[in-house]
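First comes the structure, then the notes that go with it.
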Amino acid sequence: MSTGQGPAHGSGQGAGHGSGRPVELRHLRAFLAVADAGNVTRAAAALGLTQPAVSRTLAALEQHLGVRLVDRSTHHLALTPEGVVFRDKAAAAVAAFDEAVDSGGLRHWPLRLGHAWSALGPYTTPLLRSWQERYPQTPLELLRIDDRTAGLTRGEVDAALLRGPVDTPGLVTEVLFDEDRVAAVTADGPLAVHRTLRLADLADGTIVLNTVSGTTTVDLWPPHARPAATLTVANTDDWLTAIAAGRGSGVSAASTAAMHPHAGVAYRPLVDAPTVPLLLARRDAPGHPALPKLAALAREIIGEDAPG
């Protein structure tokens with residue numbers, strides 16, 4: 001792989017696809033910038049290049065590889081499945097080069113950590129602060145993405161904090177800890193007067209379900225005692241709004257009570273519901289070189305709070 005930094009020229013095919021210029025670091029950096037920004041104009045600004053130059057460089061890389069890396073059908077560019085796979089490889093290659101020529105570690109790609117809601121719960125702030133103290137040259141970006149895998153399968157993040165079982169192919173997961181569940185009820189409703197609640201207490205009314213990124217389904221209740229009705233929403237904000245408006249009750253992990261307080265919602269311990277595992281997930285690929293450090297730090301911070 002060449003490390004030349006000159007402007008993009010030509011449209012020849014690379015190895016395995018005919019003759020042409022080799023892939024250079026500038027091709028990989030341009031692709032990674034587009035993947036991170038989701039927009040060629042913002043990627044060009046980040047690289048200090050013109051938008052046409054970045055577009056040509058990206059097109060040359062795609063021609064060399066013989067695959068389409070970016071879906072250009074919408075204003076916000078998205079990676080194709082091939083682009084998601086290639087991003088991990090490109091990021092690893094660029095990081096390895098930067099590490100080799102920059103012993104001080106001054107150039108690092110940000111590590112993007114996705115979550116659908118509540119992140120790492122009570123450990124979120126300690127994780128962010130500890131990371132900044134230990135690895136200041138590698139920014140840790142916490143991104144909320146309303147998606148079952150918090151953008152991980154689409155290549156929008158390098159790792160994700162996910163709740164509940166995840167059976168998406170191509171992901172590697174690690175259980176960080178298990179959370180109790182809480183009921184979320186209308187603050188001035190009849191259920192809010194109780195200090196604790198049971199699943200049966202909620203079943204007579206409507207249950208608000210976040211079907212995009214939530215973990216609760218009607219299967220949480222026994223088959224003979226399923227909720228009388230359900231209301232589906234697409235994200236945590238709409239879930240909270242519906243409950244505050246008296247349209248139903250909800251069930252979530254305990255971290256939601258601390259991370260998403262709402263004047264119109266009261267949280268109560270749900271004493272007979274199973275716990276929810278919180279997972280650290282990544283793609284089954286080389287990925288960002290700082291991922292092992294992230295996993296180790298998360299385990300360390302959670303372990304410091306463990307009994308004994």
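Labeling convention for the structure tokens: chains A, B, ... as they appear, residues from 1 per chain, ligands from 1 in order of appearance.
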Under the rule of at most 12 Å, produce a per-residue listing of range 149-207 of chain A near range 63-77 of chain A: chain, number, name, the closest pair of atoms, and the distance in Å, as a tab-separated table, using only C-alpha atoms.
residue	atom	partner	partner_atom	distance
A:Arg154	CA	A:Val70	CA	11.3
A:Gly155	CA	A:Val70	CA	11.1
A:Glu156	CA	A:Leu77	CA	11.0
Any chance you could export the current selection's N, CA, C and O atoms as an mmCIF file, in the first residue's frame?
data_model
loop_
_atom_site.group_PDB
_atom_site.id
_atom_site.type_symbol
_atom_site.label_atom_id
_atom_site.label_comp_id
_atom_site.auth_asym_id
_atom_site.auth_seq_id
_atom_site.Cartn_x
_atom_site.Cartn_y
_atom_site.Cartn_z
ATOM 1 N N ARG A 154 -24.607 -1.147 11.172
ATOM 2 C CA ARG A 154 -24.543 -0.244 10.018
ATOM 3 C C ARG A 154 -23.193 0.465 9.925
ATOM 4 O O ARG A 154 -22.989 1.299 9.051
ATOM 5 N N GLY A 155 -22.280 0.165 10.833
ATOM 6 C CA GLY A 155 -20.962 0.774 10.783
ATOM 7 C C GLY A 155 -20.899 2.183 11.306
ATOM 8 O O GLY A 155 -19.895 2.872 11.126
ATOM 9 N N GLU A 156 -21.933 2.640 12.014
ATOM 10 C CA GLU A 156 -21.951 4.009 12.533
ATOM 11 C C GLU A 156 -21.143 4.151 13.814
ATOM 12 O O GLU A 156 -20.793 5.272 14.204
#
I'd like a table as CSV: residues in range 124-228 of chain A with an atom no more than 7 Å from range 271-292 of chain A, each row giving the shortest atom pair and its distance in Å to one decimal, only C-alpha atoms counted, sorted by chain and rising residue number.
residue,atom,partner,partner_atom,distance
A:Asp158,CA,A:Arg282,CA,6.5
A:Ala159,CA,A:Arg282,CA,4.6
A:Ala160,CA,A:Ala281,CA,5.2
A:Leu161,CA,A:Leu280,CA,4.8
A:Leu162,CA,A:Leu279,CA,5.1
A:Arg163,CA,A:Leu278,CA,4.6
A:Gly164,CA,A:Pro277,CA,5.3
A:Gly170,CA,A:Asp284,CA,5.4
A:Leu171,CA,A:Arg283,CA,4.5
A:Val172,CA,A:Arg282,CA,5.4
A:Thr173,CA,A:Ala281,CA,4.3
A:Glu174,CA,A:Leu280,CA,5.2
A:Val175,CA,A:Leu279,CA,4.5
A:Leu176,CA,A:Leu279,CA,5.6
A:Phe177,CA,A:Leu278,CA,5.6
A:Asp178,CA,A:Pro277,CA,4.3
A:Glu179,CA,A:Val276,CA,5.0
A:Asp180,CA,A:Thr275,CA,4.7
A:Arg181,CA,A:Thr275,CA,6.0
A:Thr196,CA,A:Val271,CA,6.8
A:Leu197,CA,A:Val271,CA,6.4
A:Arg198,CA,A:Asp272,CA,5.8
A:Leu199,CA,A:Asp272,CA,6.7
Close residues, Ile301 in chain A itself excluded, 10 Å, only C-alpha atoms, min 3 positions apart in chain, as a PDB file with all heavy atoms, in the first residue's frame:
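Wrote result-v6.pdb, looks like this:
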ATOM      1  N   TYR A 123     -22.438   4.019  35.532  1.00  0.00           N
ATOM      2  CA  TYR A 123     -21.005   3.988  35.250  1.00  0.00           C
ATOM      3  C   TYR A 123     -20.632   4.835  34.028  1.00  0.00           C
ATOM      4  O   TYR A 123     -19.464   4.879  33.647  1.00  0.00           O
ATOM      5  CB  TYR A 123     -20.544   2.546  35.019  1.00  0.00           C
ATOM      6  CG  TYR A 123     -20.946   1.601  36.122  1.00  0.00           C
ATOM      7  CD1 TYR A 123     -21.952   0.649  35.919  1.00  0.00           C
ATOM      8  CD2 TYR A 123     -20.340   1.658  37.374  1.00  0.00           C
ATOM      9  CE1 TYR A 123     -22.341  -0.212  36.928  1.00  0.00           C
ATOM     10  CE2 TYR A 123     -20.724   0.805  38.399  1.00  0.00           C
ATOM     11  CZ  TYR A 123     -21.725  -0.135  38.164  1.00  0.00           C
ATOM     12  OH  TYR A 123     -22.107  -0.992  39.167  1.00  0.00           O
ATOM     13  N   THR A 124     -21.606   5.502  33.424  1.00  0.00           N
ATOM     14  CA  THR A 124     -21.338   6.263  32.199  1.00  0.00           C
ATOM     15  C   THR A 124     -20.342   7.384  32.434  1.00  0.00           C
ATOM     16  O   THR A 124     -19.325   7.493  31.730  1.00  0.00           O
ATOM     17  CB  THR A 124     -22.651   6.846  31.634  1.00  0.00           C
ATOM     18  OG1 THR A 124     -23.584   5.782  31.398  1.00  0.00           O
ATOM     19  CG2 THR A 124     -22.385   7.586  30.334  1.00  0.00           C
ATOM     20  N   PRO A 126     -18.225   7.935  35.068  1.00  0.00           N
ATOM     21  CA  PRO A 126     -16.889   7.444  35.423  1.00  0.00           C
ATOM     22  C   PRO A 126     -16.113   6.892  34.229  1.00  0.00           C
ATOM     23  O   PRO A 126     -14.898   7.079  34.135  1.00  0.00           O
ATOM     24  CB  PRO A 126     -17.189   6.345  36.452  1.00  0.00           C
ATOM     25  CG  PRO A 126     -18.487   6.757  37.063  1.00  0.00           C
ATOM     26  CD  PRO A 126     -19.274   7.368  35.942  1.00  0.00           C
ATOM     27  N   LEU A 127     -16.821   6.211  33.304  1.00  0.00           N
ATOM     28  CA  LEU A 127     -16.136   5.675  32.125  1.00  0.00           C
ATOM     29  C   LEU A 127     -15.583   6.800  31.261  1.00  0.00           C
ATOM     30  O   LEU A 127     -14.410   6.772  30.855  1.00  0.00           O
ATOM     31  CB  LEU A 127     -17.098   4.815  31.308  1.00  0.00           C
ATOM     32  CG  LEU A 127     -16.539   4.283  29.980  1.00  0.00           C
ATOM     33  CD1 LEU A 127     -15.468   3.236  30.250  1.00  0.00           C
ATOM     34  CD2 LEU A 127     -17.642   3.703  29.110  1.00  0.00           C
ATOM     35  N   SER A 130     -12.650   8.621  33.143  1.00  0.00           N
ATOM     36  CA  SER A 130     -11.442   7.795  33.242  1.00  0.00           C
ATOM     37  C   SER A 130     -10.777   7.634  31.883  1.00  0.00           C
ATOM     38  O   SER A 130      -9.542   7.641  31.780  1.00  0.00           O
ATOM     39  CB  SER A 130     -11.789   6.418  33.828  1.00  0.00           C
ATOM     40  OG  SER A 130     -12.260   6.531  35.147  1.00  0.00           O
ATOM     41  N   ALA A 296     -11.629  -3.338  28.871  1.00  0.00           N
ATOM     42  CA  ALA A 296     -10.920  -3.484  30.147  1.00  0.00           C
ATOM     43  C   ALA A 296     -11.303  -2.382  31.117  1.00  0.00           C
ATOM     44  O   ALA A 296     -11.504  -2.633  32.315  1.00  0.00           O
ATOM     45  CB  ALA A 296      -9.413  -3.484  29.897  1.00  0.00           C
ATOM     46  N   LEU A 297     -11.424  -1.153  30.630  1.00  0.00           N
ATOM     47  CA  LEU A 297     -11.777  -0.044  31.514  1.00  0.00           C
ATOM     48  C   LEU A 297     -13.202  -0.185  32.020  1.00  0.00           C
ATOM     49  O   LEU A 297     -13.477   0.086  33.203  1.00  0.00           O
ATOM     50  CB  LEU A 297     -11.600   1.281  30.783  1.00  0.00           C
ATOM     51  CG  LEU A 297     -11.871   2.545  31.611  1.00  0.00           C
ATOM     52  CD1 LEU A 297     -10.977   2.586  32.842  1.00  0.00           C
ATOM     53  CD2 LEU A 297     -11.687   3.797  30.764  1.00  0.00           C
ATOM     54  N   ALA A 298     -14.115  -0.614  31.162  1.00  0.00           N
ATOM     55  CA  ALA A 298     -15.495  -0.814  31.601  1.00  0.00           C
ATOM     56  C   ALA A 298     -15.564  -1.870  32.694  1.00  0.00           C
ATOM     57  O   ALA A 298     -16.243  -1.688  33.713  1.00  0.00           O
ATOM     58  CB  ALA A 298     -16.368  -1.217  30.406  1.00  0.00           C
ATOM     59  N   GLU A 304     -15.065  -2.122  40.466  1.00  0.00           N
ATOM     60  CA  GLU A 304     -14.810  -1.312  41.664  1.00  0.00           C
ATOM     61  C   GLU A 304     -16.057  -1.124  42.512  1.00  0.00           C
ATOM     62  O   GLU A 304     -15.971  -0.877  43.712  1.00  0.00           O
ATOM     63  CB  GLU A 304     -14.264   0.067  41.249  1.00  0.00           C
ATOM     64  CG  GLU A 304     -12.860   0.011  40.664  1.00  0.00           C
ATOM     65  CD  GLU A 304     -12.402   1.354  40.138  1.00  0.00           C
ATOM     66  OE1 GLU A 304     -13.256   2.272  40.087  1.00  0.00           O
ATOM     67  OE2 GLU A 304     -11.228   1.506  39.783  1.00  0.00           O
ATOM     68  N   ASP A 305     -17.220  -1.259  41.882  1.00  0.00           N
ATOM     69  CA  ASP A 305     -18.480  -1.049  42.588  1.00  0.00           C
ATOM     70  C   ASP A 305     -19.108  -2.361  43.050  1.00  0.00           C
ATOM     71  O   ASP A 305     -20.145  -2.363  43.699  1.00  0.00           O
ATOM     72  CB  ASP A 305     -19.454  -0.303  41.680  1.00  0.00           C
ATOM     73  CG  ASP A 305     -20.644   0.265  42.443  1.00  0.00           C
ATOM     74  OD1 ASP A 305     -20.412   0.880  43.494  1.00  0.00           O
ATOM     75  OD2 ASP A 305     -21.793   0.109  41.986  1.00  0.00           O
ATOM     76  N   ALA A 306     -18.462  -3.483  42.694  1.00  0.00           N
ATOM     77  CA  ALA A 306     -19.037  -4.781  43.036  1.00  0.00           C
ATOM     78  C   ALA A 306     -18.877  -5.058  44.523  1.00  0.00           C
ATOM     79  O   ALA A 306     -17.898  -4.653  45.152  1.00  0.00           O
ATOM     80  CB  ALA A 306     -18.338  -5.876  42.234  1.00  0.00           C
TER      81      ALA A 306
END
Checklist line | Sel. of helix (DSSP H, G or I) residues, range 134-270 of chain A, as a PyMOL selection string | finding: chain A and resi 134+190-193+199-203+218-220+223-225+236-244+255-259
Spatial neighbours of Arg87 in chain A, max dist 9 Å, only C-alpha atoms, sep filter under 2 positions, as a tab-separated table (two decimals) with all heavy atoms, in the first residue's frame:
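That gives us selection.tsv:
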chain	number	residue	atom	x	y	z
A	28	LEU	N	-7.88	5.74	2.11
A	28	LEU	CA	-8.48	5.21	3.33
A	28	LEU	C	-8.94	6.34	4.25
A	28	LEU	O	-10.03	6.27	4.83
A	28	LEU	CB	-7.48	4.31	4.06
A	28	LEU	CG	-6.92	3.12	3.27
A	28	LEU	CD1	-6.04	2.26	4.18
A	28	LEU	CD2	-8.03	2.29	2.65
A	31	PHE	N	-12.16	7.82	2.86
A	31	PHE	CA	-13.29	6.93	3.10
A	31	PHE	C	-13.72	6.97	4.56
A	31	PHE	O	-14.92	7.06	4.88
A	31	PHE	CB	-12.93	5.50	2.69
A	31	PHE	CG	-13.89	4.47	3.21
A	31	PHE	CD1	-15.20	4.41	2.75
A	31	PHE	CD2	-13.50	3.56	4.18
A	31	PHE	CE1	-16.09	3.46	3.23
A	31	PHE	CE2	-14.38	2.61	4.67
A	31	PHE	CZ	-15.68	2.57	4.19
A	32	LEU	N	-12.76	6.92	5.48
A	32	LEU	CA	-13.09	6.95	6.90
A	32	LEU	C	-13.74	8.27	7.29
A	32	LEU	O	-14.67	8.30	8.11
A	32	LEU	CB	-11.84	6.71	7.74
A	32	LEU	CG	-11.26	5.29	7.68
A	32	LEU	CD1	-9.90	5.24	8.37
A	32	LEU	CD2	-12.20	4.28	8.31
A	35	ALA	N	-17.28	8.09	6.09
A	35	ALA	CA	-18.04	7.16	6.93
A	35	ALA	C	-18.39	7.79	8.27
A	35	ALA	O	-19.50	7.61	8.79
A	35	ALA	CB	-17.23	5.88	7.16
A	69	LEU	N	-18.84	1.11	-1.70
A	69	LEU	CA	-18.66	1.24	-0.26
A	69	LEU	C	-19.70	2.14	0.39
A	69	LEU	O	-20.03	1.97	1.57
A	69	LEU	CB	-17.27	1.79	0.06
A	69	LEU	CG	-16.07	0.96	-0.43
A	69	LEU	CD1	-14.78	1.71	-0.17
A	69	LEU	CD2	-16.06	-0.41	0.23
A	79	LEU	N	-23.13	3.63	4.76
A	79	LEU	CA	-22.25	2.59	4.27
A	79	LEU	C	-23.05	1.41	3.76
A	79	LEU	O	-24.08	1.04	4.34
A	79	LEU	CB	-21.31	2.11	5.39
A	79	LEU	CG	-20.33	3.14	5.97
A	79	LEU	CD1	-19.41	2.46	6.97
A	79	LEU	CD2	-19.53	3.82	4.89
A	82	GLU	N	-20.76	-3.93	2.37
A	82	GLU	CA	-19.34	-4.06	2.07
A	82	GLU	C	-18.54	-2.92	2.69
A	82	GLU	O	-17.41	-3.11	3.15
A	82	GLU	CB	-19.12	-4.07	0.55
A	82	GLU	CG	-19.70	-5.27	-0.17
A	82	GLU	CD	-21.19	-5.15	-0.43
A	82	GLU	OE1	-21.78	-4.07	-0.16
A	82	GLU	OE2	-21.78	-6.14	-0.90
A	83	GLY	N	-19.16	-1.73	2.73
A	83	GLY	CA	-18.50	-0.59	3.35
A	83	GLY	C	-18.30	-0.76	4.84
A	83	GLY	O	-17.29	-0.34	5.40
A	84	VAL	N	-19.29	-1.38	5.51
A	84	VAL	CA	-19.18	-1.63	6.95
A	84	VAL	C	-17.99	-2.54	7.23
A	84	VAL	O	-17.18	-2.29	8.15
A	84	VAL	CB	-20.48	-2.26	7.49
A	84	VAL	CG1	-20.28	-2.74	8.93
A	84	VAL	CG2	-21.62	-1.27	7.42
A	85	VAL	N	-17.85	-3.60	6.44
A	85	VAL	CA	-16.74	-4.54	6.63
A	85	VAL	C	-15.41	-3.84	6.33
A	85	VAL	O	-14.44	-3.98	7.09
A	85	VAL	CB	-16.91	-5.77	5.71
A	85	VAL	CG1	-15.68	-6.67	5.78
A	85	VAL	CG2	-18.15	-6.56	6.12
A	89	LYS	N	-11.44	-2.67	8.45
A	89	LYS	CA	-10.11	-2.95	7.92
A	89	LYS	C	-9.35	-1.66	7.66
A	89	LYS	O	-8.14	-1.58	7.95
A	89	LYS	CB	-10.24	-3.77	6.63
A	89	LYS	CG	-10.89	-5.13	6.81
A	89	LYS	CD	-11.04	-5.86	5.49
A	89	LYS	CE	-11.69	-7.22	5.68
A	89	LYS	NZ	-11.86	-7.93	4.39
A	90	ALA	N	-10.02	-0.66	7.10
A	90	ALA	CA	-9.36	0.61	6.82
A	90	ALA	C	-8.92	1.30	8.10
A	90	ALA	O	-7.81	1.85	8.18
A	90	ALA	CB	-10.31	1.51	6.02
A	91	ALA	N	-9.79	1.30	9.12
A	91	ALA	CA	-9.45	1.94	10.39
A	91	ALA	C	-8.25	1.26	11.04
A	91	ALA	O	-7.36	1.92	11.59
A	91	ALA	CB	-10.65	1.92	11.33
A	92	ALA	N	-8.21	-0.08	10.96
A	92	ALA	CA	-7.09	-0.81	11.55
A	92	ALA	C	-5.80	-0.50	10.80
A	92	ALA	O	-4.73	-0.34	11.41
A	92	ALA	CB	-7.38	-2.31	11.52
A	155	GLY	N	-22.28	0.16	10.83
A	155	GLY	CA	-20.96	0.77	10.78
A	155	GLY	C	-20.90	2.18	11.31
A	155	GLY	O	-19.89	2.87	11.13
A	287	GLY	N	-11.52	-4.25	13.79
A	287	GLY	CA	-12.09	-3.10	14.47
A	287	GLY	C	-11.06	-2.08	14.95
A	287	GLY	O	-9.87	-2.13	14.63
